[in-house]
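Below is coords.pdb, which holds PDB, C-alpha atoms and all ligand atoms.
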MODEL        1
ATOM      1  CA  MET I   1     -86.744   3.661   9.556
ATOM      2  CA  SER I   2     -85.141   6.535   7.688
ATOM      3  CA  LYS I   3     -82.528   5.897   5.038
ATOM      4  CA  TRP I   4     -79.129   6.285   6.741
ATOM      5  CA  ALA I   5     -75.629   6.768   5.369
ATOM      6  CA  VAL I   6     -73.005   6.053   8.029
ATOM      7  CA  ILE I   7     -69.645   7.550   7.093
ATOM      8  CA  TYR I   8     -66.645   7.081   9.329
ATOM      9  CA  SER I   9     -62.964   7.763   9.672
ATOM     10  CA  SER I  10     -60.887   5.355  11.738
ATOM     11  CA  VAL I  11     -57.234   4.364  12.095
ATOM     12  CA  THR I  12     -57.246   1.681  14.791
ATOM     13  CA  GLY I  13     -60.829   0.462  14.339
ATOM     14  CA  ASN I  14     -62.746   1.964  17.286
ATOM     15  CA  THR I  15     -64.824   4.405  15.266
ATOM     16  CA  LYS I  16     -65.334   1.789  12.568
ATOM     17  CA  THR I  17     -66.777  -0.625  15.157
ATOM     18  CA  VAL I  18     -69.255   2.010  16.362
ATOM     19  CA  ALA I  19     -70.118   2.912  12.756
ATOM     20  CA  GLU I  20     -70.846  -0.737  11.994
ATOM     21  CA  ALA I  21     -73.163  -0.944  15.003
ATOM     22  CA  MET I  22     -75.063   2.142  13.809
ATOM     23  CA  ALA I  23     -75.276   0.829  10.257
ATOM     24  CA  ARG I  24     -76.581  -2.508  11.549
ATOM     25  CA  ALA I  25     -79.185  -0.861  13.775
ATOM     26  CA  SER I  26     -80.377   1.529  11.057
ATOM     27  CA  GLY I  27     -80.063  -0.857   8.114
ATOM     28  CA  GLY I  28     -78.099   1.968   6.496
ATOM     29  CA  ASP I  29     -75.190   2.064   4.076
ATOM     30  CA  LEU I  30     -71.695   2.135   5.560
ATOM     31  CA  PHE I  31     -68.826   4.072   4.001
ATOM     32  CA  ASN I  32     -65.236   4.682   4.936
ATOM     33  CA  VAL I  33     -64.583   8.373   4.358
ATOM     34  CA  ASN I  34     -61.554   7.309   2.306
ATOM     35  CA  ASP I  35     -63.757   5.529  -0.229
ATOM     36  CA  ASN I  36     -65.458   8.567  -1.760
ATOM     37  CA  PRO I  37     -68.972   8.243  -0.327
ATOM     38  CA  PRO I  38     -71.653   8.750  -3.002
ATOM     39  CA  ASN I  39     -73.965  11.717  -3.460
ATOM     40  CA  LEU I  40     -75.664  12.062  -0.086
ATOM     41  CA  GLU I  41     -78.897  13.599  -1.374
ATOM     42  CA  GLN I  42     -80.515  10.164  -1.487
ATOM     43  CA  TYR I  43     -80.128   9.770   2.318
ATOM     44  CA  GLU I  44     -82.503  11.070   4.987
ATOM     45  CA  ILE I  45     -79.853  10.876   7.711
ATOM     46  CA  VAL I  46     -76.107  11.232   7.285
ATOM     47  CA  ALA I  47     -74.135   9.958  10.285
ATOM     48  CA  LEU I  48     -70.561  11.224  10.393
ATOM     49  CA  GLY I  49     -68.085   9.527  12.726
ATOM     50  CA  TYR I  50     -64.527  10.468  13.571
ATOM     51  CA  TRP I  51     -61.873   9.955  16.238
ATOM     52  CA  LEU I  52     -60.625  12.820  18.311
ATOM     53  CA  LYS I  53     -57.247  14.241  17.505
ATOM     54  CA  ARG I  54     -56.062  17.137  19.641
ATOM     55  CA  GLY I  55     -59.563  17.961  20.774
ATOM     56  CA  GLY I  56     -61.238  17.971  17.363
ATOM     57  CA  PRO I  57     -62.256  15.702  14.507
ATOM     58  CA  ASP I  58     -59.403  13.743  12.907
ATOM     59  CA  PRO I  59     -57.855  15.227   9.742
ATOM     60  CA  LEU I  60     -59.731  13.051   7.202
ATOM     61  CA  MET I  61     -63.143  13.869   8.648
ATOM     62  CA  LYS I  62     -62.101  17.485   9.067
ATOM     63  CA  ASN I  63     -61.648  17.629   5.291
ATOM     64  CA  PHE I  64     -64.882  15.797   4.588
ATOM     65  CA  LEU I  65     -67.248  17.766   6.851
ATOM     66  CA  PRO I  66     -67.301  20.926   4.676
ATOM     67  CA  THR I  67     -68.388  18.842   1.667
ATOM     68  CA  VAL I  68     -71.646  17.846   3.406
ATOM     69  CA  HIS I  69     -74.470  20.282   2.592
ATOM     70  CA  ASN I  70     -78.210  20.442   3.244
ATOM     71  CA  ALA I  71     -78.221  17.151   5.145
ATOM     72  CA  ARG I  72     -79.851  15.945   8.324
ATOM     73  CA  VAL I  73     -76.734  15.020  10.284
ATOM     74  CA  VAL I  74     -75.759  12.846  13.212
ATOM     75  CA  LEU I  75     -72.253  13.322  14.621
ATOM     76  CA  PHE I  76     -70.494  10.536  16.482
ATOM     77  CA  GLU I  77     -67.005  10.330  17.903
ATOM     78  CA  THR I  78     -64.657   8.047  19.790
ATOM     79  CA  HIS I  79     -61.964   9.375  22.102
ATOM     80  CA  GLY I  80     -59.581   8.490  24.886
ATOM     81  CA  THR I  81     -61.247  10.884  27.298
ATOM     82  CA  GLU I  82     -64.325  10.087  29.395
ATOM     83  CA  ASN I  83     -67.757  10.011  27.761
ATOM     84  CA  GLY I  84     -69.586  13.280  27.544
ATOM     85  CA  ASN I  85     -66.975  15.443  29.244
ATOM     86  CA  GLU I  86     -66.193  19.006  28.207
ATOM     87  CA  HIS I  87     -63.334  17.965  25.912
ATOM     88  CA  ALA I  88     -65.634  15.601  23.994
ATOM     89  CA  VAL I  89     -68.519  18.084  23.829
ATOM     90  CA  THR I  90     -66.263  20.855  22.537
ATOM     91  CA  ALA I  91     -65.124  18.496  19.771
ATOM     92  CA  PHE I  92     -68.748  18.183  18.613
ATOM     93  CA  ALA I  93     -68.917  21.961  18.380
ATOM     94  CA  ARG I  94     -65.735  21.974  16.326
ATOM     95  CA  ALA I  95     -67.100  19.340  13.959
ATOM     96  CA  ALA I  96     -70.423  21.157  13.630
ATOM     97  CA  TYR I  97     -68.633  24.375  12.782
ATOM     98  CA  LEU I  98     -66.920  22.660   9.844
ATOM     99  CA  LEU I  99     -70.094  21.282   8.247
ATOM    100  CA  GLY I 100     -71.249  22.760   4.945
ATOM    101  CA  ALA I 101     -74.242  25.085   4.681
ATOM    102  CA  GLY I 102     -77.796  23.986   5.393
ATOM    103  CA  CYS I 103     -77.066  21.027   7.678
ATOM    104  CA  ASP I 104     -79.384  20.188  10.540
ATOM    105  CA  ILE I 105     -77.731  18.290  13.424
ATOM    106  CA  ILE I 106     -80.240  16.003  15.035
ATOM    107  CA  GLY I 107     -78.072  14.005  17.418
ATOM    108  CA  THR I 108     -74.645  13.304  18.836
ATOM    109  CA  PHE I 109     -73.113  10.126  20.218
ATOM    110  CA  ASP I 110     -69.734   9.541  21.789
ATOM    111  CA  CYS I 111     -67.844   6.736  23.424
ATOM    112  CA  GLN I 112     -64.354   5.972  24.648
ATOM    113  CA  GLY I 113     -61.948   4.140  22.385
ATOM    114  CA  LYS I 114     -58.690   2.480  23.312
ATOM    115  CA  VAL I 115     -55.706   4.673  22.596
ATOM    116  CA  ASN I 116     -52.987   3.431  20.261
ATOM    117  CA  PRO I 117     -50.300   1.842  22.515
ATOM    118  CA  ALA I 118     -47.545   3.507  20.437
ATOM    119  CA  LEU I 119     -48.984   6.923  21.347
ATOM    120  CA  ILE I 120     -49.237   5.955  25.012
ATOM    121  CA  GLU I 121     -45.588   4.909  24.997
ATOM    122  CA  ARG I 122     -44.555   8.209  23.408
ATOM    123  CA  ARG I 123     -46.555  10.114  25.988
ATOM    124  CA  LYS I 124     -45.018   8.139  28.842
ATOM    125  CA  GLN I 125     -41.558   9.047  27.537
ATOM    126  CA  ALA I 126     -42.471  12.736  27.306
ATOM    127  CA  GLY I 127     -40.921  15.177  29.731
ATOM    128  CA  ALA I 128     -42.355  15.953  33.165
ATOM    129  CA  ASP I 129     -43.859  19.190  31.809
ATOM    130  CA  ASP I 130     -45.984  17.295  29.252
ATOM    131  CA  PRO I 131     -49.625  17.607  30.406
ATOM    132  CA  HIS I 132     -50.286  13.969  29.428
ATOM    133  CA  ASN I 133     -47.464  12.664  31.562
ATOM    134  CA  SER I 134     -49.513  12.053  34.706
ATOM    135  CA  VAL I 135     -51.120   9.330  36.784
ATOM    136  CA  ASP I 136     -54.527  10.674  35.686
ATOM    137  CA  SER I 137     -53.678  10.138  32.035
ATOM    138  CA  VAL I 138     -52.409   6.598  32.637
ATOM    139  CA  GLU I 139     -55.578   5.729  34.528
ATOM    140  CA  ARG I 140     -57.746   7.264  31.787
ATOM    141  CA  TRP I 141     -55.933   5.292  29.087
ATOM    142  CA  GLU I 142     -56.493   2.141  31.123
ATOM    143  CA  ARG I 143     -60.210   2.860  31.433
ATOM    144  CA  ALA I 144     -60.370   3.525  27.685
ATOM    145  CA  SER I 145     -58.493   0.332  26.827
ATOM    146  CA  ILE I 146     -61.598  -1.884  26.920
ATOM    147  CA  HIS I 147     -63.729   0.350  24.673
ATOM    148  CA  PRO I 148     -65.748   0.303  22.587
ATOM    149  CA  ASP I 149     -67.316  -2.628  24.435
ATOM    150  CA  GLU I 150     -70.662  -4.426  24.117
ATOM    151  CA  ASP I 151     -72.391  -1.787  26.203
ATOM    152  CA  ASP I 152     -71.117   1.002  23.928
ATOM    153  CA  LEU I 153     -72.413  -0.865  20.873
ATOM    154  CA  ARG I 154     -75.770  -1.401  22.533
ATOM    155  CA  ARG I 155     -75.901   2.331  23.337
ATOM    156  CA  ALA I 156     -75.037   3.103  19.698
ATOM    157  CA  ALA I 157     -77.944   0.944  18.512
ATOM    158  CA  GLU I 158     -80.274   2.602  21.057
ATOM    159  CA  PHE I 159     -79.079   5.978  19.880
ATOM    160  CA  VAL I 160     -80.244   5.137  16.339
ATOM    161  CA  GLU I 161     -83.701   4.384  17.751
ATOM    162  CA  LYS I 162     -83.689   7.649  19.716
ATOM    163  CA  VAL I 163     -82.874   9.634  16.594
ATOM    164  CA  GLU I 164     -85.764   7.959  14.785
ATOM    165  CA  GLN I 165     -88.086   8.799  17.686
ATOM    166  CA  LYS I 166     -86.873  12.394  17.611
ATOM    167  CA  LEU I 167     -87.790  12.635  13.952
ATOM    168  CA  ILE I 168     -91.250  11.229  14.557
ATOM    169  CA  LEU I 169     -91.852  13.739  17.356
ATOM    170  CA  ARG I 170     -90.477  16.555  15.295
ATOM    171  CA  GLN I 171     -92.754  15.729  12.374
ATOM    172  CA  LYS I 172     -95.728  15.461  14.687
ATOM    173  CA  TYR I 173     -95.194  18.808  16.369
ATOM    174  CA  THR I 174     -93.987  20.737  13.355
ATOM    175  CA  SER I 175     -96.886  19.636  11.162
ATOM    176  CA  ALA I 176     -99.405  20.319  13.944
ATOM    177  CA  ALA I 177     -97.809  23.597  14.991
ATOM    178  CA  PRO I 178     -95.379  25.141  12.497
ATOM    179  CA  ARG I 179     -94.137  27.556  15.160
ATOM    180  CA  PHE I 180     -91.998  24.657  16.560
ATOM    181  CA  ASN I 181     -90.219  24.339  13.252
ATOM    182  CA  ARG I 182     -87.642  27.010  13.908
TER     183      ARG I 182
HETATM  184  C1  LIG D 201     -52.392  11.336  17.526
HETATM  185  C2  LIG D 201     -53.571  11.071  18.433
HETATM  186  C3  LIG D 201     -54.201  12.146  19.052
HETATM  187  C4  LIG D 201     -55.302  11.925  19.894
HETATM  188  N1  LIG D 201     -55.917  12.996  20.479
HETATM  189  C5  LIG D 201     -56.958  12.780  21.318
HETATM  190  C6  LIG D 201     -57.606  13.879  21.953
HETATM  191  O1  LIG D 201     -57.301  15.053  21.741
HETATM  192  N2  LIG D 201     -58.609  13.604  22.814
HETATM  193  C7  LIG D 201     -59.021  12.332  23.086
HETATM  194  O2  LIG D 201     -59.920  12.166  23.902
HETATM  195  N3  LIG D 201     -58.452  11.265  22.469
HETATM  196  C8  LIG D 201     -57.439  11.457  21.600
HETATM  197  N4  LIG D 201     -56.856  10.391  20.964
HETATM  198  C9  LIG D 201     -57.420   9.035  21.171
HETATM  199  C10 LIG D 201     -58.274   8.579  19.985
HETATM  200  O3  LIG D 201     -59.206   9.583  19.628
HETATM  201  C11 LIG D 201     -59.053   7.291  20.322
HETATM  202  O4  LIG D 201     -58.156   6.282  20.680
HETATM  203  C12 LIG D 201     -59.956   6.865  19.180
HETATM  204  O5  LIG D 201     -60.900   5.941  19.667
HETATM  205  C13 LIG D 201     -59.210   6.227  18.022
HETATM  206  O6  LIG D 201     -60.156   5.921  17.022
HETATM  207  P1  LIG D 201     -59.919   4.867  15.861
HETATM  208  O7  LIG D 201     -59.624   3.525  16.494
HETATM  209  O8  LIG D 201     -61.197   4.841  15.105
HETATM  210  O9  LIG D 201     -58.766   5.333  15.023
HETATM  211  C14 LIG D 201     -55.770  10.593  20.113
HETATM  212  C15 LIG D 201     -55.128   9.521  19.463
HETATM  213  C16 LIG D 201     -54.049   9.754  18.636
HETATM  214  C17 LIG D 201     -53.385   8.566  17.937
ENDMDL
END

Please express the file's structure as structure tokens.
Amino acid sequence: MSKWAVIYSSVTGNTKTVAEAMARASGGDLFNVNDNPPNLEQYEIVALGYWLKRGGPDPLMKNFLPTVHNARVVLFETHGTENGNEHAVTAFARAAYLLGAGCDIIGTFDCQGKVNPALIERRKQAGADDPHNSVDSVERWERASIHPDEDDLRRAAEFVEKVEQKLILRQKYTSAAPRFNR
């Protein structure tokens, strides 16, 4: 197993729960982004987790991403929207764009996370022209309300294994045939 640093940002605990599952599965070191993570050069994989705010990484992780350089990176996110939909995928692109120079992204993982009830209440009170004030949104929030669940945490642990497998394959093919290493 590679040496992992798992760094997360979380307000209501969803992303932290996923980060803990990844740290457990990888045997890696877990850091809250608020706690000044150490020099990352000592790590072979740096997993960076955030919650979605307005379609992108939350503000704390947004500030942290540009400080990460020359690292092999995994991005993970929790969100109110459905897993893997366009909104969630675009957020990965936004996070990747903010990373410092020389980073190599080797995997992404996302899962739903329950939305803060205070925010839901505010949205329900919003005017009829608010795009979140709809039956669809209410149903989505309800679906999100049970996540992350056991299945999400199992998927997070499996994801760690998949990343390790990817690295093994990559080493195999790039050492045998350097033309793949581009
Ligand atoms: C102010 C605010 C904005 C949010 N914006 C989005 C969003 O754009 N897209 C989305 O899918 N979820 C959004 N969410 C939902 C959170 O990303 C989701 O609940 C997340 O799991 C919270 O993570 P945490 O528990 O680690 O803080 C938002 C939540 C808040 C409080």

May I have the residues within 9 Å of range 63-73 of chain I as a PyMOL selection string, using all atoms listed in the file and disregarding those fewer than 3 positions away in the same chain? chain I and resi 33+40-41+43-48+58-60+95-108

Might you pull out every residue within 8 Å of Ala19 in chain I, with only C-alpha atoms counted and same-chain residues fewer than 2 positions away left off, and present them as number ranges by chain? I: 6-8, 15-17, 21-23, 30, 49

Quick one: write out the picked residues with C-alpha atoms as a PDB file, keeping the file's coordinate frame?
ATOM      1  CA  VAL I   6     -73.005   6.053   8.029  1.00  0.00           C
ATOM      2  CA  ILE I   7     -69.645   7.550   7.093  1.00  0.00           C
ATOM      3  CA  TYR I   8     -66.645   7.081   9.329  1.00  0.00           C
ATOM      4  CA  THR I  15     -64.824   4.405  15.266  1.00  0.00           C
ATOM      5  CA  LYS I  16     -65.334   1.789  12.568  1.00  0.00           C
ATOM      6  CA  THR I  17     -66.777  -0.625  15.157  1.00  0.00           C
ATOM      7  CA  ALA I  21     -73.163  -0.944  15.003  1.00  0.00           C
ATOM      8  CA  MET I  22     -75.063   2.142  13.809  1.00  0.00           C
ATOM      9  CA  ALA I  23     -75.276   0.829  10.257  1.00  0.00           C
ATOM     10  CA  LEU I  30     -71.695   2.135   5.560  1.00  0.00           C
ATOM     11  CA  GLY I  49     -68.085   9.527  12.726  1.00  0.00           C
TER      12      GLY I  49
END

Result set of the PyMOL selection byres (((not hetatm)) within 7 of (chain D and resi 201)) on the coordinates above, as a ChimeraX atom specification: /I:9-16,50-56,78-81,88,112-116,119

Can you tell me how far CA of Asn34 in chain I sits from CA of Asp151 in chain I, in Å to one decimal?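 The value is 27.8 Å.
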
Which is closer to Glu158 in chain I than all the others in I:Phe109, I:Tyr173, I:Trp141, I:Phe31, using only C-alpha atoms?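 Smallest separation from Glu158 in chain I among the options: I:Phe109.
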
When you draw a straight line from CA of Lys162 in chain I to CA of Lys3 in chain I, how long is it in Å?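 CA of Lys162 in chain I sits 14.8 Å away from CA of Lys3 in chain I.
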
May I have the residues within 8 Å of Cys111 in chain I as a PyMOL selection string, using all atoms listed in the file and disregarding those fewer than 4 positions away in the same chain? chain I and resi 77-79+82-84+147-148+152

How many Å separate CA of Ala156 in chain I from CA of Ala144 in chain I?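 It comes out at 16.7 Å.
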
Which is closest to Ala25 in chain I among I:Val163, I:Ala157, I:Met61, I:Ile168, if we use only C-alpha atoms?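 Selected residue with least distance to Ala25 in chain I: I:Ala157.
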
Pop range 12-28 of chain I out of the structure in the block and write N, CA and C atoms as a short mmCIF file (atom, residue, chain, number, x, y, z; two decimals), in the first residue's frame.
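So the final result, stored in decode.cif, reads:
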data_model
loop_
_atom_site.label_atom_id
_atom_site.label_comp_id
_atom_site.auth_asym_id
_atom_site.auth_seq_id
_atom_site.Cartn_x
_atom_site.Cartn_y
_atom_site.Cartn_z
N THR I 12 -20.48 19.76 8.24
CA THR I 12 -21.47 18.97 8.98
C THR I 12 -21.09 17.50 9.12
N GLY I 13 -19.86 17.14 8.67
CA GLY I 13 -19.35 15.80 8.98
C GLY I 13 -19.39 14.78 7.85
N ASN I 14 -20.11 15.06 6.75
CA ASN I 14 -20.22 14.05 5.69
C ASN I 14 -18.85 13.74 5.07
N THR I 15 -18.15 14.80 4.68
CA THR I 15 -16.87 14.60 4.00
C THR I 15 -15.86 14.00 4.98
N LYS I 16 -15.97 14.40 6.23
CA LYS I 16 -15.07 13.83 7.25
C LYS I 16 -15.29 12.32 7.36
N THR I 17 -16.54 11.89 7.33
CA THR I 17 -16.84 10.45 7.46
C THR I 17 -16.23 9.68 6.29
N VAL I 18 -16.33 10.23 5.09
CA VAL I 18 -15.75 9.57 3.91
C VAL I 18 -14.22 9.57 4.03
N ALA I 19 -13.67 10.69 4.48
CA ALA I 19 -12.21 10.79 4.64
C ALA I 19 -11.71 9.74 5.63
N GLU I 20 -12.45 9.57 6.70
CA GLU I 20 -12.05 8.56 7.71
C GLU I 20 -12.06 7.17 7.10
N ALA I 21 -13.07 6.89 6.28
CA ALA I 21 -13.14 5.56 5.64
C ALA I 21 -11.94 5.35 4.72
N MET I 22 -11.55 6.40 4.00
CA MET I 22 -10.39 6.28 3.09
C MET I 22 -9.09 6.12 3.89
N ALA I 23 -9.00 6.87 4.98
CA ALA I 23 -7.78 6.77 5.80
C ALA I 23 -7.68 5.37 6.42
N ARG I 24 -8.82 4.85 6.85
CA ARG I 24 -8.83 3.49 7.43
C ARG I 24 -8.39 2.47 6.39
N ALA I 25 -8.98 2.58 5.19
CA ALA I 25 -8.70 1.58 4.15
C ALA I 25 -7.26 1.66 3.67
N SER I 26 -6.69 2.86 3.67
CA SER I 26 -5.32 3.03 3.13
C SER I 26 -4.26 2.95 4.22
N GLY I 27 -4.72 3.03 5.49
CA GLY I 27 -3.75 3.10 6.59
C GLY I 27 -3.02 4.44 6.59
N GLY I 28 -3.61 5.43 5.92
CA GLY I 28 -2.94 6.72 5.76
C GLY I 28 -3.17 7.67 6.92
#
